[in-house]
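File shown here: work06.cif, holding mmCIF, C-alpha atoms.
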data_model
#
loop_
_atom_site.group_PDB
_atom_site.id
_atom_site.type_symbol
_atom_site.label_atom_id
_atom_site.label_comp_id
_atom_site.auth_asym_id
_atom_site.auth_seq_id
_atom_site.Cartn_x
_atom_site.Cartn_y
_atom_site.Cartn_z
ATOM 1 C CA MET H 252 88.564 69.941 8.853
ATOM 2 C CA ARG H 253 85.681 72.117 9.988
ATOM 3 C CA ARG H 254 86.798 75.597 10.965
ATOM 4 C CA LEU H 255 83.502 77.449 10.960
ATOM 5 C CA GLY H 256 82.698 76.326 14.533
ATOM 6 C CA VAL H 257 85.259 78.622 16.179
ATOM 7 C CA ARG H 258 83.666 81.795 14.878
ATOM 8 C CA GLY H 259 83.026 84.319 17.639
ATOM 9 C CA SER H 260 84.411 82.094 20.375
ATOM 10 C CA SER H 261 86.731 84.755 21.777
ATOM 11 C CA ALA H 262 83.904 87.028 22.930
ATOM 12 C CA PRO H 263 82.501 84.634 25.564
ATOM 13 C CA LEU H 264 86.065 83.983 26.666
ATOM 14 C CA VAL H 265 86.717 87.672 27.292
ATOM 15 C CA VAL H 266 83.386 88.092 29.069
ATOM 16 C CA GLY H 267 84.128 85.015 31.173
ATOM 17 C CA PHE H 268 87.508 86.398 32.197
ATOM 18 C CA MET H 269 85.886 89.703 33.048
ATOM 19 C CA ALA H 270 83.362 87.949 35.285
ATOM 20 C CA LEU H 271 86.205 86.173 37.037
ATOM 21 C CA LEU H 272 88.056 89.466 37.398
ATOM 22 C CA LEU H 273 84.922 91.080 38.851
ATOM 23 C CA LEU H 274 84.666 88.321 41.437
ATOM 24 C CA LEU H 275 88.286 88.818 42.452
ATOM 25 C CA ILE H 276 87.825 92.584 42.655
ATOM 26 C CA GLY H 277 84.700 92.076 44.751
ATOM 27 C CA ALA H 278 86.656 89.911 47.175
ATOM 28 C CA VAL H 279 89.399 92.538 47.495
ATOM 29 C CA VAL H 280 86.906 95.396 47.996
ATOM 30 C CA ASP H 281 85.043 93.377 50.645
ATOM 31 C CA ALA H 282 88.272 92.543 52.445
ATOM 32 C CA SER H 283 89.263 96.229 52.449
ATOM 33 C CA ALA H 284 85.844 97.197 53.801
ATOM 34 C CA ALA H 285 86.175 94.634 56.587
ATOM 35 C CA TYR H 286 89.653 95.931 57.424
ATOM 36 C CA LEU H 287 88.365 99.503 57.498
ATOM 37 C CA MET H 288 85.531 98.538 59.808
ATOM 38 C CA ARG H 289 87.940 96.735 62.100
ATOM 39 C CA GLN H 290 90.023 99.874 62.303
ATOM 40 C CA ARG H 291 86.960 101.961 63.197
ATOM 41 C CA LEU H 292 85.933 99.447 65.853
ATOM 42 C CA ASP H 293 89.509 99.442 67.122
ATOM 43 C CA THR H 294 89.372 103.213 67.545
ATOM 44 C CA LEU H 295 86.017 102.932 69.310
ATOM 45 C CA ALA H 296 87.280 100.171 71.586
ATOM 46 C CA ASP H 297 90.364 102.204 72.456
ATOM 47 C CA GLY H 298 88.283 105.240 73.427
ATOM 48 C CA ALA H 299 85.823 103.093 75.371
ATOM 49 C CA ALA H 300 88.623 101.325 77.256
ATOM 50 C CA LEU H 301 90.255 104.648 78.136
ATOM 51 C CA GLN H 302 86.960 106.035 79.376
ATOM 52 C CA GLY H 303 86.233 102.805 81.268
ATOM 53 C CA ALA H 304 89.642 102.803 82.929
ATOM 54 C CA ASP H 305 89.313 106.479 83.750
ATOM 55 C CA LEU H 306 85.838 106.397 85.243
ATOM 56 C CA GLY H 307 86.043 102.867 86.616
ATOM 57 C CA ALA H 308 88.936 103.743 88.912
ATOM 58 C CA GLN H 309 87.260 105.991 91.452
ATOM 59 C CA GLY H 310 86.886 104.188 94.721
ATOM 60 C CA THR H 311 86.251 105.781 98.071
ATOM 61 C CA ALA H 312 89.848 104.821 98.877
ATOM 62 C CA VAL H 313 90.896 108.048 97.156
ATOM 63 C CA TYR H 314 89.177 110.125 99.806
ATOM 64 C CA THR H 315 89.652 107.954 102.876
ATOM 65 C CA GLU H 316 93.165 106.644 102.367
ATOM 66 C CA GLY H 317 94.701 108.883 99.701
ATOM 67 C CA LEU H 318 97.042 107.779 96.963
ATOM 68 C CA ASP H 319 100.702 107.079 97.033
ATOM 69 C CA ASP H 320 103.281 105.345 94.906
ATOM 70 C CA GLU H 321 102.385 101.893 96.232
ATOM 71 C CA ARG H 322 98.634 102.077 96.107
ATOM 72 C CA ASP H 323 96.705 102.742 92.909
ATOM 73 C CA LEU H 324 93.039 103.288 92.360
ATOM 74 C CA PRO H 325 91.013 100.072 92.476
ATOM 75 C CA VAL H 326 89.128 99.393 89.242
ATOM 76 C CA LEU H 327 85.489 98.484 89.784
ATOM 77 C CA ARG H 328 83.910 96.337 87.123
ATOM 78 C CA ARG H 329 80.455 97.818 87.601
ATOM 79 C CA ASP H 330 81.701 101.352 87.102
ATOM 80 C CA VAL H 331 83.797 100.307 84.101
ATOM 81 C CA GLU H 332 80.803 98.717 82.389
ATOM 82 C CA ARG H 333 78.679 101.744 83.070
ATOM 83 C CA ALA H 334 81.348 104.097 81.713
ATOM 84 C CA VAL H 335 81.946 102.006 78.582
ATOM 85 C CA ASN H 336 78.229 101.777 77.814
ATOM 86 C CA ALA H 337 77.799 105.514 78.387
ATOM 87 C CA TYR H 338 80.757 106.247 76.097
ATOM 88 C CA LEU H 339 79.398 104.053 73.314
ATOM 89 C CA ARG H 340 75.995 105.692 73.674
ATOM 90 C CA ASP H 341 77.420 109.220 73.659
ATOM 91 C CA VAL H 342 79.533 108.765 70.531
ATOM 92 C CA GLY H 343 76.617 107.162 68.671
ATOM 93 C CA ALA H 344 78.379 103.840 68.192
ATOM 94 C CA ALA H 345 75.195 101.810 67.800
ATOM 95 C CA ARG H 346 73.977 104.192 65.115
ATOM 96 C CA ALA H 347 77.222 103.929 63.165
ATOM 97 C CA HIS H 348 77.473 100.170 63.629
ATOM 98 C CA PRO H 349 74.030 98.563 63.926
ATOM 99 C CA GLY H 350 74.124 95.330 65.917
ATOM 100 C CA LEU H 351 77.194 96.410 67.906
ATOM 101 C CA ARG H 352 77.991 94.239 70.908
ATOM 102 C CA ALA H 353 80.427 95.154 73.643
ATOM 103 C CA GLN H 354 82.150 92.902 76.147
ATOM 104 C CA VAL H 355 83.998 94.435 79.053
ATOM 105 C CA ARG H 356 86.623 92.578 81.041
ATOM 106 C CA VAL H 357 88.631 93.834 83.971
ATOM 107 C CA GLU H 358 91.985 92.123 84.405
ATOM 108 C CA GLY H 359 93.524 93.526 87.532
ATOM 109 C CA ARG H 360 94.078 97.195 86.716
ATOM 110 C CA ARG H 361 93.564 96.678 83.046
ATOM 111 C CA VAL H 362 90.300 97.279 81.224
ATOM 112 C CA VAL H 363 89.738 95.268 78.068
ATOM 113 C CA VAL H 364 86.879 96.157 75.734
ATOM 114 C CA ARG H 365 85.946 93.791 72.935
ATOM 115 C CA LEU H 366 83.570 95.123 70.308
ATOM 116 C CA SER H 367 81.961 93.200 67.494
ATOM 117 C CA ALA H 368 79.454 94.215 64.866
ATOM 118 C CA PRO H 369 78.094 92.715 61.654
ATOM 119 C CA LEU H 370 79.425 94.188 58.432
ATOM 120 C CA ASP H 371 77.279 94.868 55.385
ATOM 121 C CA LEU H 372 79.568 93.787 52.585
ATOM 122 C CA PRO H 373 79.681 96.357 49.771
ATOM 123 C CA ILE H 374 79.701 93.622 47.134
ATOM 124 C CA GLU H 375 77.713 90.433 47.565
ATOM 125 C CA LEU H 376 79.745 87.442 46.480
ATOM 126 C CA PRO H 377 78.335 83.995 45.861
ATOM 127 C CA GLY H 378 79.220 81.718 48.746
ATOM 128 C CA ALA H 379 80.341 84.539 51.030
ATOM 129 C CA PRO H 380 78.627 85.126 54.389
ATOM 130 C CA SER H 381 75.987 87.818 54.057
ATOM 131 C CA ARG H 382 76.816 89.704 57.290
ATOM 132 C CA PRO H 383 80.161 88.616 58.706
ATOM 133 C CA GLN H 384 81.091 89.682 62.213
ATOM 134 C CA VAL H 385 84.025 92.035 62.594
ATOM 135 C CA GLY H 386 85.648 92.389 65.991
ATOM 136 C CA ALA H 387 88.242 94.590 67.662
ATOM 137 C CA VAL H 388 89.844 94.753 71.073
ATOM 138 C CA GLY H 389 91.016 97.827 72.949
ATOM 139 C CA SER H 390 92.600 97.981 76.357
ATOM 140 C CA ALA H 391 93.706 100.615 78.836
ATOM 141 C CA ALA H 392 95.612 100.314 82.077
ATOM 142 C CA VAL H 393 95.037 102.531 85.087
ATOM 143 C CA ASP H 394 98.712 102.337 85.929
ATOM 144 C CA PRO H 395 100.917 102.600 82.841
ATOM 145 C CA ASP H 396 103.668 100.603 84.574
ATOM 146 C CA PHE H 397 101.308 97.748 85.318
ATOM 147 C CA GLU H 398 102.286 94.540 83.563
ATOM 148 C CA MET V 217 87.053 75.988 -8.265
ATOM 149 C CA THR V 218 83.363 75.516 -7.798
ATOM 150 C CA ARG V 219 81.142 78.151 -6.309
ATOM 151 C CA GLU V 220 80.787 76.205 -3.073
ATOM 152 C CA GLN V 221 84.554 75.896 -2.729
ATOM 153 C CA ARG V 222 84.962 79.632 -3.254
ATOM 154 C CA TRP V 223 82.307 80.307 -0.605
ATOM 155 C CA ARG V 224 84.033 78.027 1.910
ATOM 156 C CA ARG V 225 87.350 79.613 1.171
ATOM 157 C CA TRP V 226 85.877 83.069 1.686
ATOM 158 C CA ARG V 227 84.265 82.043 4.986
ATOM 159 C CA TRP V 228 87.559 80.604 6.181
ATOM 160 C CA ARG V 229 89.632 83.592 5.200
ATOM 161 C CA SER V 230 87.149 86.172 6.382
ATOM 162 C CA GLN V 231 87.534 85.348 10.078
ATOM 163 C CA ARG V 232 91.287 85.567 10.100
ATOM 164 C CA GLY V 233 92.258 88.113 12.757
ATOM 165 C CA SER V 234 88.709 88.624 13.967
ATOM 166 C CA GLY V 235 89.498 87.055 17.324
ATOM 167 C CA ILE V 236 92.144 89.577 18.224
ATOM 168 C CA VAL V 237 89.855 92.422 17.172
ATOM 169 C CA GLU V 238 87.080 91.140 19.424
ATOM 170 C CA VAL V 239 89.457 90.713 22.316
ATOM 171 C CA VAL V 240 90.764 94.248 21.895
ATOM 172 C CA TRP V 241 87.414 96.048 21.667
ATOM 173 C CA LEU V 242 85.769 93.960 24.360
ATOM 174 C CA SER V 243 88.726 94.473 26.647
ATOM 175 C CA ILE V 244 88.675 98.218 26.124
ATOM 176 C CA LEU V 245 84.906 98.374 26.554
ATOM 177 C CA LEU V 246 84.862 96.327 29.737
ATOM 178 C CA LEU V 247 88.283 96.859 31.235
ATOM 179 C CA LEU V 248 88.567 100.646 31.152
ATOM 180 C CA PRO V 249 85.405 101.380 33.214
ATOM 181 C CA LEU V 250 86.328 98.533 35.524
ATOM 182 C CA VAL V 251 89.801 99.915 36.130
ATOM 183 C CA TRP V 252 88.401 103.386 36.776
ATOM 184 C CA VAL V 253 85.803 102.118 39.257
ATOM 185 C CA LEU V 254 88.478 100.053 40.956
ATOM 186 C CA LEU V 255 90.901 102.976 41.250
ATOM 187 C CA SER V 256 88.141 105.212 42.609
ATOM 188 C CA VAL V 257 87.009 102.644 45.182
ATOM 189 C CA PHE V 258 90.538 102.119 46.432
ATOM 190 C CA GLU V 259 91.193 105.850 46.499
ATOM 191 C CA VAL V 260 88.110 106.340 48.704
ATOM 192 C CA GLN V 261 89.039 103.401 50.906
ATOM 193 C CA ARG V 262 92.543 104.749 51.283
ATOM 194 C CA GLY V 263 91.133 108.132 52.281
ATOM 195 C CA SER V 264 88.706 106.555 54.714
ATOM 196 C CA PHE V 265 91.514 104.576 56.287
ATOM 197 C CA GLY V 266 93.603 107.743 56.460
ATOM 198 C CA VAL V 267 90.993 109.952 58.152
ATOM 199 C CA SER V 268 90.108 107.210 60.595
ATOM 200 C CA ALA V 269 93.742 106.860 61.642
ATOM 201 C CA ALA V 270 94.167 110.638 61.620
ATOM 202 C CA SER V 271 91.244 111.307 63.971
ATOM 203 C CA ARG V 272 92.579 108.754 66.415
ATOM 204 C CA ALA V 273 96.096 110.173 66.299
ATOM 205 C CA ALA V 274 94.828 113.753 66.576
ATOM 206 C CA ALA V 275 92.650 113.012 69.604
ATOM 207 C CA ARG V 276 95.494 111.266 71.428
ATOM 208 C CA ALA V 277 97.919 114.048 70.542
ATOM 209 C CA PHE V 278 95.504 116.658 71.862
ATOM 210 C CA ALA V 279 94.858 114.737 75.081
ATOM 211 C CA LEU V 280 98.573 114.292 75.789
ATOM 212 C CA ALA V 281 99.494 117.938 75.140
ATOM 213 C CA PRO V 282 100.060 120.197 78.166
ATOM 214 C CA ASP V 283 97.464 122.807 77.178
ATOM 215 C CA ASP V 284 94.742 123.525 74.630
ATOM 216 C CA ALA V 285 96.762 125.728 72.262
ATOM 217 C CA THR V 286 99.614 123.231 72.032
ATOM 218 C CA GLY V 287 97.051 120.460 71.772
ATOM 219 C CA GLU V 288 95.418 121.987 68.723
ATOM 220 C CA GLN V 289 98.768 122.387 66.985
ATOM 221 C CA ARG V 290 99.775 118.841 67.796
ATOM 222 C CA ALA V 291 96.388 117.471 66.775
ATOM 223 C CA ALA V 292 96.621 119.152 63.373
ATOM 224 C CA ALA V 293 100.217 117.956 62.942
ATOM 225 C CA ALA V 294 99.343 114.391 63.953
ATOM 226 C CA ALA V 295 96.348 114.316 61.618
ATOM 227 C CA ARG V 296 98.442 115.654 58.736
ATOM 228 C CA GLN V 297 101.102 113.061 59.462
ATOM 229 C CA ALA V 298 98.572 110.220 59.556
ATOM 230 C CA LEU V 299 97.090 111.345 56.240
ATOM 231 C CA GLY V 300 100.598 111.671 54.822
ATOM 232 C CA ASP V 301 101.282 108.062 55.786
ATOM 233 C CA GLN V 302 98.505 107.071 53.393
ATOM 234 C CA GLY V 303 99.925 109.242 50.625
ATOM 235 C CA LEU V 304 97.306 111.953 51.113
ATOM 236 C CA ASP V 305 99.662 114.879 51.704
ATOM 237 C CA ASP V 306 97.700 117.233 49.476
ATOM 238 C CA ALA V 307 94.239 116.317 50.749
ATOM 239 C CA PRO V 308 92.241 119.138 52.364
ATOM 240 C CA LEU V 309 92.071 118.778 56.117
ATOM 241 C CA ASP V 310 89.840 120.397 58.696
ATOM 242 C CA VAL V 311 90.394 119.517 62.349
ATOM 243 C CA GLU V 312 87.777 120.572 64.871
ATOM 244 C CA VAL V 313 88.189 119.933 68.577
ATOM 245 C CA SER V 314 85.356 120.188 71.080
ATOM 246 C CA CYS V 315 85.163 119.273 74.725
ATOM 247 C CA THR V 316 82.542 118.511 77.347
ATOM 248 C CA PRO V 317 81.776 119.692 79.951
ATOM 249 C CA PHE V 318 84.297 122.564 79.676
ATOM 250 C CA PRO V 319 84.244 123.785 76.065
ATOM 251 C CA ARG V 320 86.881 126.475 76.688
ATOM 252 C CA THR V 321 89.334 124.598 78.868
ATOM 253 C CA CYS V 322 89.711 121.118 77.480
ATOM 254 C CA HIS V 323 92.645 120.201 79.684
ATOM 255 C CA SER V 324 90.613 120.040 82.869
ATOM 256 C CA GLY V 325 89.762 117.000 84.944
ATOM 257 C CA THR V 326 86.730 114.927 83.737
ATOM 258 C CA SER V 327 86.921 116.606 80.330
ATOM 259 C CA VAL V 328 86.067 114.493 77.281
ATOM 260 C CA ILE V 329 87.611 115.537 73.975
ATOM 261 C CA THR V 330 86.011 114.946 70.599
ATOM 262 C CA VAL V 331 88.067 115.496 67.466
ATOM 263 C CA ARG V 332 86.123 115.814 64.217
ATOM 264 C CA LEU V 333 88.072 115.543 61.031
ATOM 265 C CA ARG V 334 86.901 116.401 57.545
ATOM 266 C CA SER V 335 88.792 115.685 54.381
ATOM 267 C CA ALA V 336 88.188 114.690 50.779
ATOM 268 C CA VAL V 337 89.838 112.580 48.138
ATOM 269 C CA ARG V 338 89.954 113.474 44.496
ATOM 270 C CA LEU V 339 88.665 110.778 42.184
ATOM 271 C CA PRO V 340 91.361 109.796 39.710
ATOM 272 C CA LEU V 341 91.445 110.090 35.933
ATOM 273 C CA LEU V 342 88.176 111.919 35.513
ATOM 274 C CA PRO V 343 88.401 114.575 32.823
ATOM 275 C CA ASP V 344 87.089 118.000 33.743
ATOM 276 C CA VAL V 345 84.777 118.071 30.740
ATOM 277 C CA LEU V 346 82.481 115.594 32.514
ATOM 278 C CA GLY V 347 81.688 118.009 35.301
ATOM 279 C CA SER V 348 82.493 121.412 36.646
ATOM 280 C CA GLY V 349 85.085 121.474 39.383
ATOM 281 C CA ALA V 350 87.213 118.655 40.680
ATOM 282 C CA PRO V 351 85.268 115.466 41.327
ATOM 283 C CA SER V 352 85.918 114.536 44.927
ATOM 284 C CA PHE V 353 84.562 112.297 47.647
ATOM 285 C CA ALA V 354 84.053 113.832 51.090
ATOM 286 C CA LEU V 355 85.329 111.931 54.123
ATOM 287 C CA ARG V 356 84.877 112.536 57.808
ATOM 288 C CA SER V 357 85.800 110.805 60.997
ATOM 289 C CA GLU V 358 85.645 111.518 64.694
ATOM 290 C CA HIS V 359 87.181 110.152 67.835
ATOM 291 C CA THR V 360 86.358 110.776 71.476
ATOM 292 C CA VAL V 361 88.826 110.354 74.324
ATOM 293 C CA PRO V 362 88.716 111.302 77.991
ATOM 294 C CA ILE V 363 91.412 113.604 79.285
ATOM 295 C CA GLY V 364 91.414 111.904 82.660
ATOM 296 C CA ARG V 365 89.402 112.335 85.811
ATOM 297 C CA PHE V 366 92.326 113.221 88.019
ATOM 298 C CA LEU V 367 95.005 115.625 86.941
ATOM 299 C CA GLN V 368 98.087 116.358 88.960
ATOM 300 C CA VAL V 369 98.883 120.048 89.122
ATOM 301 C CA THR V 370 102.588 120.678 89.090
ATOM 302 C CA GLY V 371 104.438 123.709 90.430
ATOM 303 C CA ASP V 372 105.237 125.204 87.032
ATOM 304 C CA GLY V 373 101.606 125.748 86.215
ATOM 305 C CA GLY V 374 101.297 122.841 83.788
ATOM 306 C CA ASP V 375 99.256 119.714 84.310
ATOM 307 C CA ALA V 376 101.022 116.405 84.544
ATOM 308 C CA ARG V 377 99.085 113.207 84.204
#
Translate the structure described by the file into structure tokens.
Amino acid sequence: MRRLGVRGSSAPLVVGFMALLLLLIGAVVDASAAYLMRQRLDTLADGAALQGADLGAQGTAVYTEGLDDERDLPVLRRDVERAVNAYLRDVGAARAHPGLRAQVRVEGRRVVVRLSAPLDLPIELPGAPSRPQVGAVGSAAVDPDFE
Amino acid sequence: MTREQRWRRWRWRSQRGSGIVEVVWLSILLLLPLVWVLLSVFEVQRGSFGVSAASRAAARAFALAPDDATGEQRAAAAARQALGDQGLDDAPLDVEVSCTPFPRTCHSGTSVITVRLRSAVRLPLLPDVLGSGAPSFALRSEHTVPIGRFLQVTGDGGDAR
């Protein structure tokens, strides 16, 4: 029986396990970074939707017909888009998230802002996408009771 | 026993237990720095998550308060609570509120509130001999919300939205 061949075989084993552990850690760190970025985009989208709903609901109806319990401010898509883009520009969103894209949707009296931006993964993993897209949605209603 | 037999016997006996020794020193050498880096990364990510949530909560709390003074108190309390939710009760916290276009009266129509939050997390398990002062990682976050274009003025002097 030849036993000399097993000499030193545990060192590559330990190093191999460490490499595997590093890969797993990299995946967890990347996932956390993506989650963090989604939260930041979520915050941005929330603020943008609030601003869009606030500034998008300013029709001439306010001055000509007044407001009462039955009539709310009409939300104008053009004004909402302008307000959302101005908000994102003012808070420096594009600087913080290069490649940021914003989609604005008006659903009745509800403003929905969808933001997406590529994420630079902190740890490059083999087989992982180099710049995955992270997205978040924020919405605001002009009338809180609106369903 | 011939000389060759003695040599073989020595070679066979000499590696007894060497595997466990290699595993132990390699594990210590590789695992300890890895664990420290991992703990530090997660500590920073936890702090980043905390300040991000805190700035959002603080800005909303300020916007929903009836006036600026109450708003600042509520913003600080909300930020502290949000950091506490992440287990960062002892982290330093600096809340700064600014408004446009009325820097002195934030609770006015068309006002836009920006809450800037600064904090720091202490990196774990780093002995003081490696550097003067506590090793920490600075964190900051900000959130901007509109107060509302139209405010309803009620009879008691407060604004109702």
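Between CA of Leu280 (chain V) and CA of Thr321 (chain V) the separation is 14.2 Å.
Put simply, the PyMOL selection byres ((chain H and resi 383-396) around 7) on this file hits Ala285, Arg289, Leu292, Asp293, Ala296, Asp297, Ala300, Leu301, Ala304, Arg360, Arg361, Val362, Val363, Val364, Arg365, Leu366, Ser367, Ala368, Pro369, Leu370, Pro380, Ser381, Arg382, Phe397 and Glu398 of chain H.
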Expected answer as a ChimeraX atom specification: chain H residues within 6 Å of chain V, all atoms listed in the file:
/H:261,298,302,305
Selected residues, C-alpha atoms, written as an mmCIF file, in the frame of the given file, please.
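Just written: result-v7.cif:
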data_model
loop_
_atom_site.group_PDB
_atom_site.id
_atom_site.type_symbol
_atom_site.label_atom_id
_atom_site.label_comp_id
_atom_site.auth_asym_id
_atom_site.auth_seq_id
_atom_site.Cartn_x
_atom_site.Cartn_y
_atom_site.Cartn_z
ATOM 1 C CA SER H 261 86.731 84.755 21.777
ATOM 2 C CA GLY H 298 88.283 105.240 73.427
ATOM 3 C CA GLN H 302 86.960 106.035 79.376
ATOM 4 C CA ASP H 305 89.313 106.479 83.750
#
Would you please work out which residue, of V:Phe353, V:Phe318, V:Phe278, V:Trp223, is nearest to Glu259 (chain V) when using all atoms listed in the file?
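Among V:Phe353, V:Phe318, V:Phe278, V:Trp223, it is V:Phe353 that comes nearest to Glu259 (chain V).
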Can you measure CA of Val335 (chain H) to CA of Gly303 (chain H) for me? One decimal in Å is fine.
5.1 Å
As lines of an AutoDock Vina configuration file, please: the centre and edge lengths in Å, to one decimal, of an axis-aligned box enclosing every listed atom of region 270-275 of chain H with 4 Å added on each side.
center_x = 85.8
center_y = 88.6
center_z = 38.9
size_x = 12.9
size_y = 12.9
size_z = 15.2
Hey, what's within 10 Å of Arg290 (chain V) if we count only C-alpha atoms and toss same-chain stuff fewer than 2 positions away? As a PyMOL selection string, please?
chain V and resi 273-281+284-288+292-296
For the residues in that selection, give me C-alpha atoms as a compact mmCIF listing (two decimals), in the frame of the given file.
# COMPACT_ATOMS: atom_id res chain seq x y z
CA ALA V 273 96.10 110.17 66.30
CA ALA V 274 94.83 113.75 66.58
CA ALA V 275 92.65 113.01 69.60
CA ARG V 276 95.49 111.27 71.43
CA ALA V 277 97.92 114.05 70.54
CA PHE V 278 95.50 116.66 71.86
CA ALA V 279 94.86 114.74 75.08
CA LEU V 280 98.57 114.29 75.79
CA ALA V 281 99.49 117.94 75.14
CA ASP V 284 94.74 123.52 74.63
CA ALA V 285 96.76 125.73 72.26
CA THR V 286 99.61 123.23 72.03
CA GLY V 287 97.05 120.46 71.77
CA GLU V 288 95.42 121.99 68.72
CA ALA V 292 96.62 119.15 63.37
CA ALA V 293 100.22 117.96 62.94
CA ALA V 294 99.34 114.39 63.95
CA ALA V 295 96.35 114.32 61.62
CA ARG V 296 98.44 115.65 58.74
What does the distance from CA of Val331 (chain V) to CA of Asp283 (chain V) come to in Å, to one decimal?
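Those two atoms sit 15.4 Å apart.
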Using the chain letters and numbers from the file, which residues does the PyMOL selection byres ((chain H and resi 282) around 12) grab, as a PDB file with C-alpha atoms, keeping the file's coordinate frame?
ATOM      1  CA  LEU H 275      88.286  88.818  42.452  1.00  0.00           C
ATOM      2  CA  ILE H 276      87.825  92.584  42.655  1.00  0.00           C
ATOM      3  CA  GLY H 277      84.700  92.076  44.751  1.00  0.00           C
ATOM      4  CA  ALA H 278      86.656  89.911  47.175  1.00  0.00           C
ATOM      5  CA  VAL H 279      89.399  92.538  47.495  1.00  0.00           C
ATOM      6  CA  VAL H 280      86.906  95.396  47.996  1.00  0.00           C
ATOM      7  CA  ASP H 281      85.043  93.377  50.645  1.00  0.00           C
ATOM      8  CA  SER H 283      89.263  96.229  52.449  1.00  0.00           C
ATOM      9  CA  ALA H 284      85.844  97.197  53.801  1.00  0.00           C
ATOM     10  CA  ALA H 285      86.175  94.634  56.587  1.00  0.00           C
ATOM     11  CA  TYR H 286      89.653  95.931  57.424  1.00  0.00           C
ATOM     12  CA  LEU H 287      88.365  99.503  57.498  1.00  0.00           C
ATOM     13  CA  MET H 288      85.531  98.538  59.808  1.00  0.00           C
ATOM     14  CA  ARG H 289      87.940  96.735  62.100  1.00  0.00           C
ATOM     15  CA  LEU H 370      79.425  94.188  58.432  1.00  0.00           C
ATOM     16  CA  ASP H 371      77.279  94.868  55.385  1.00  0.00           C
ATOM     17  CA  LEU H 372      79.568  93.787  52.585  1.00  0.00           C
ATOM     18  CA  PRO H 373      79.681  96.357  49.771  1.00  0.00           C
ATOM     19  CA  ILE H 374      79.701  93.622  47.134  1.00  0.00           C
ATOM     20  CA  GLU H 375      77.713  90.433  47.565  1.00  0.00           C
ATOM     21  CA  LEU H 376      79.745  87.442  46.480  1.00  0.00           C
ATOM     22  CA  ALA H 379      80.341  84.539  51.030  1.00  0.00           C
ATOM     23  CA  PRO H 383      80.161  88.616  58.706  1.00  0.00           C
ATOM     24  CA  VAL H 385      84.025  92.035  62.594  1.00  0.00           C
TER      25      VAL H 385
ATOM     26  CA  PHE V 258      90.538 102.119  46.432  1.00  0.00           C
ATOM     27  CA  GLN V 261      89.039 103.401  50.906  1.00  0.00           C
TER      28      GLN V 261
END
Output of region 359-397 of chain H limited to C-alpha atoms, as a PDB file, in the first residue's frame:
ATOM      1  CA  GLY H 359     -56.846  58.127 -12.693  1.00  0.00           C
ATOM      2  CA  ARG H 360     -55.795  60.237  -9.712  1.00  0.00           C
ATOM      3  CA  ARG H 361     -52.840  58.072  -8.948  1.00  0.00           C
ATOM      4  CA  VAL H 362     -49.297  58.791 -10.074  1.00  0.00           C
ATOM      5  CA  VAL H 363     -47.017  55.796 -10.475  1.00  0.00           C
ATOM      6  CA  VAL H 364     -43.285  56.301 -10.946  1.00  0.00           C
ATOM      7  CA  ARG H 365     -41.116  53.373 -11.959  1.00  0.00           C
ATOM      8  CA  LEU H 366     -37.372  53.870 -11.712  1.00  0.00           C
ATOM      9  CA  SER H 367     -34.671  51.525 -12.900  1.00  0.00           C
ATOM     10  CA  ALA H 368     -30.912  51.833 -12.940  1.00  0.00           C
ATOM     11  CA  PRO H 369     -27.980  49.498 -13.540  1.00  0.00           C
ATOM     12  CA  LEU H 370     -26.091  48.366 -10.462  1.00  0.00           C
ATOM     13  CA  ASP H 371     -22.319  48.059 -10.302  1.00  0.00           C
ATOM     14  CA  LEU H 372     -21.898  44.868  -8.331  1.00  0.00           C
ATOM     15  CA  PRO H 373     -19.314  45.245  -5.553  1.00  0.00           C
ATOM     16  CA  ILE H 374     -17.944  41.764  -6.213  1.00  0.00           C
ATOM     17  CA  GLU H 375     -17.702  40.356  -9.715  1.00  0.00           C
ATOM     18  CA  LEU H 376     -18.811  36.748  -9.777  1.00  0.00           C
ATOM     19  CA  PRO H 377     -18.204  34.360 -12.638  1.00  0.00           C
ATOM     20  CA  GLY H 378     -21.406  33.861 -14.585  1.00  0.00           C
ATOM     21  CA  ALA H 379     -23.211  36.783 -12.960  1.00  0.00           C
ATOM     22  CA  PRO H 380     -24.517  39.682 -15.069  1.00  0.00           C
ATOM     23  CA  SER H 381     -22.031  42.537 -15.051  1.00  0.00           C
ATOM     24  CA  ARG H 382     -24.563  45.376 -14.577  1.00  0.00           C
ATOM     25  CA  PRO H 383     -27.958  44.042 -13.542  1.00  0.00           C
ATOM     26  CA  GLN H 384     -30.934  46.373 -13.618  1.00  0.00           C
ATOM     27  CA  VAL H 385     -32.557  47.228 -10.313  1.00  0.00           C
ATOM     28  CA  GLY H 386     -36.040  48.701 -10.320  1.00  0.00           C
ATOM     29  CA  ALA H 387     -38.446  50.265  -7.844  1.00  0.00           C
ATOM     30  CA  VAL H 388     -41.968  51.609  -7.990  1.00  0.00           C
ATOM     31  CA  GLY H 389     -43.445  54.482  -6.014  1.00  0.00           C
ATOM     32  CA  SER H 390     -46.955  55.825  -6.176  1.00  0.00           C
ATOM     33  CA  ALA H 391     -48.936  58.717  -4.755  1.00  0.00           C
ATOM     34  CA  ALA H 392     -52.622  59.504  -4.917  1.00  0.00           C
ATOM     35  CA  VAL H 393     -54.032  63.009  -5.102  1.00  0.00           C
ATOM     36  CA  ASP H 394     -57.014  61.913  -3.061  1.00  0.00           C
ATOM     37  CA  PRO H 395     -56.036  59.610  -0.196  1.00  0.00           C
ATOM     38  CA  ASP H 396     -59.490  57.990  -0.253  1.00  0.00           C
ATOM     39  CA  PHE H 397     -59.176  57.143  -3.922  1.00  0.00           C
TER      40      PHE H 397
END
